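*Asks:* Next up is a structure, given as structure tokens.
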Amino acid sequence: MRNSKVWRPNARQIKMAELLLNPEDRRTKTEKCKEVGVTMKTLWKWMQDERFVNYVNEQLDKYTNAELAEVWRALLMQCKRGNVQAIKLFFEMKMMHPSVKDGGW
């Protein structure tokens, strides 16, 4: 039989992570807690639990990784339009900017 001691988020924690990570959901944490059916105190406890925080961060990585191609496209479009800040960021991201090569920002 498999070891069942591996921590897994419960259904409410999964739902809360989804709500917290949704950039289009502008509701307050209190409103999100109400939807999930937990108190702010419960959310605070979860946010103190390294396992929950790690879960949220893993979900954030998955979401942002899925958006990388679109973000790069948007950055390149800004560069092509002559946006100096975007051009600087592009070279920093590609490790081609002098401040990055010298180890400083």
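Each chain in the structure tokens gets a letter, A, B and so on, in the order shown; residues start at 1 in every chain, and ligands are counted from 1 in the order they appear.
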List as a ChimeraX atom specification the protein and nucleic acid residues near range 34-43 of chain A, meaning an atom at most 6 Å away when only C-alpha atoms are counted, but skip any in the same chain fewer than 3 places from it.
*Replies:* /A:12,31,46
*Asks:* Any chance you can output those residues with C-alpha atoms as a short mmCIF file (atom, residue, chain, number, x, y, z; two decimals), in the first residue's frame?
*Replies:*
```cif
data_model
loop_
_atom_site.label_atom_id
_atom_site.label_comp_id
_atom_site.auth_asym_id
_atom_site.auth_seq_id
_atom_site.Cartn_x
_atom_site.Cartn_y
_atom_site.Cartn_z
CA ARG A 12 -11.36 24.24 -0.77
CA GLU A 31 -15.17 37.79 -0.96
CA TRP A 46 -3.25 28.25 5.02
#
```
*Asks:* For range 56-65 of chain A, find every residue with an atom within 10 Å (counting only C-alpha atoms), except residues of its own chain fewer than 5 positions away, and show them as a ChimeraX atom specification.
*Replies:* /A:9,13-14,16-18,20-22,47,50-51,71
*Asks:* Using N, CA, C and O atoms, can you write the selected residues to a file as a compact mmCIF listing (two decimals), in the first residue's frame?
*Replies:*
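Output below, filename out.txt:
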```
# COMPACT_ATOMS: atom_id res chain seq x y z
N PRO A 9 -3.57 19.22 -1.27
CA PRO A 9 -4.56 20.24 -0.91
C PRO A 9 -5.97 19.66 -1.00
O PRO A 9 -6.26 18.82 -1.84
N GLN A 13 -8.94 24.31 -0.65
CA GLN A 13 -7.62 24.90 -0.88
C GLN A 13 -7.34 25.03 -2.37
O GLN A 13 -6.79 26.03 -2.83
N ILE A 14 -7.73 24.02 -3.14
CA ILE A 14 -7.54 24.06 -4.59
C ILE A 14 -8.35 25.22 -5.18
O ILE A 14 -7.84 26.00 -5.98
N MET A 16 -9.43 27.92 -3.63
CA MET A 16 -8.88 29.19 -3.18
C MET A 16 -7.63 29.54 -3.98
O MET A 16 -7.46 30.70 -4.39
N ALA A 17 -6.78 28.58 -4.23
CA ALA A 17 -5.59 28.84 -5.04
C ALA A 17 -5.99 29.33 -6.42
O ALA A 17 -5.41 30.30 -6.94
N GLU A 18 -6.99 28.71 -7.03
CA GLU A 18 -7.47 29.14 -8.35
C GLU A 18 -7.95 30.58 -8.30
O GLU A 18 -7.63 31.37 -9.19
N LEU A 20 -7.17 32.94 -6.07
CA LEU A 20 -6.07 33.85 -5.77
C LEU A 20 -5.21 34.10 -7.00
O LEU A 20 -4.66 35.20 -7.17
N LEU A 21 -5.07 33.12 -7.86
CA LEU A 21 -4.19 33.22 -9.01
C LEU A 21 -4.87 33.77 -10.26
O LEU A 21 -4.20 34.05 -11.25
N ASN A 22 -6.17 33.92 -10.22
CA ASN A 22 -6.91 34.41 -11.38
C ASN A 22 -6.73 35.93 -11.49
O ASN A 22 -7.29 36.68 -10.71
N MET A 47 -2.06 30.30 4.52
CA MET A 47 -0.94 31.09 4.00
C MET A 47 0.30 30.97 4.89
O MET A 47 1.40 31.30 4.45
N GLU A 50 3.57 26.14 4.80
CA GLU A 50 4.51 26.07 3.68
C GLU A 50 4.02 25.16 2.57
O GLU A 50 4.24 25.42 1.39
N ARG A 51 3.32 24.10 2.93
CA ARG A 51 2.82 23.17 1.92
C ARG A 51 1.79 23.84 1.01
O ARG A 51 1.83 23.67 -0.21
N VAL A 71 3.55 36.29 -23.83
CA VAL A 71 4.27 37.41 -23.21
C VAL A 71 5.49 37.80 -24.05
O VAL A 71 5.74 38.99 -24.28
```
*Asks:* Find the distance between CA of Gly82 in chain A and CA of Leu68 in chain A and write it in Å to one decimal.
*Replies:*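 CA of Leu68 in chain A lies 21.3 Å from CA of Gly82 in chain A.
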*Asks:* Give the answer as one residue: which of A:Val53, A:Ala11, A:Arg26, A:Leu75 has the shortest atom-to-atom distance to Phe90 in chain A, using only C-alpha atoms?
*Replies:*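 Ranking A:Val53, A:Ala11, A:Arg26, A:Leu75 by distance to Phe90 in chain A, first place goes to A:Leu75.
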*Asks:* To one decimal place in Å, what is the distance between CA of Asn54 in chain A and CA of Arg27 in chain A?
*Replies:*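 Computing the Euclidean distance for CA of Asn54 in chain A and CA of Arg27 in chain A yields 22.8 Å.
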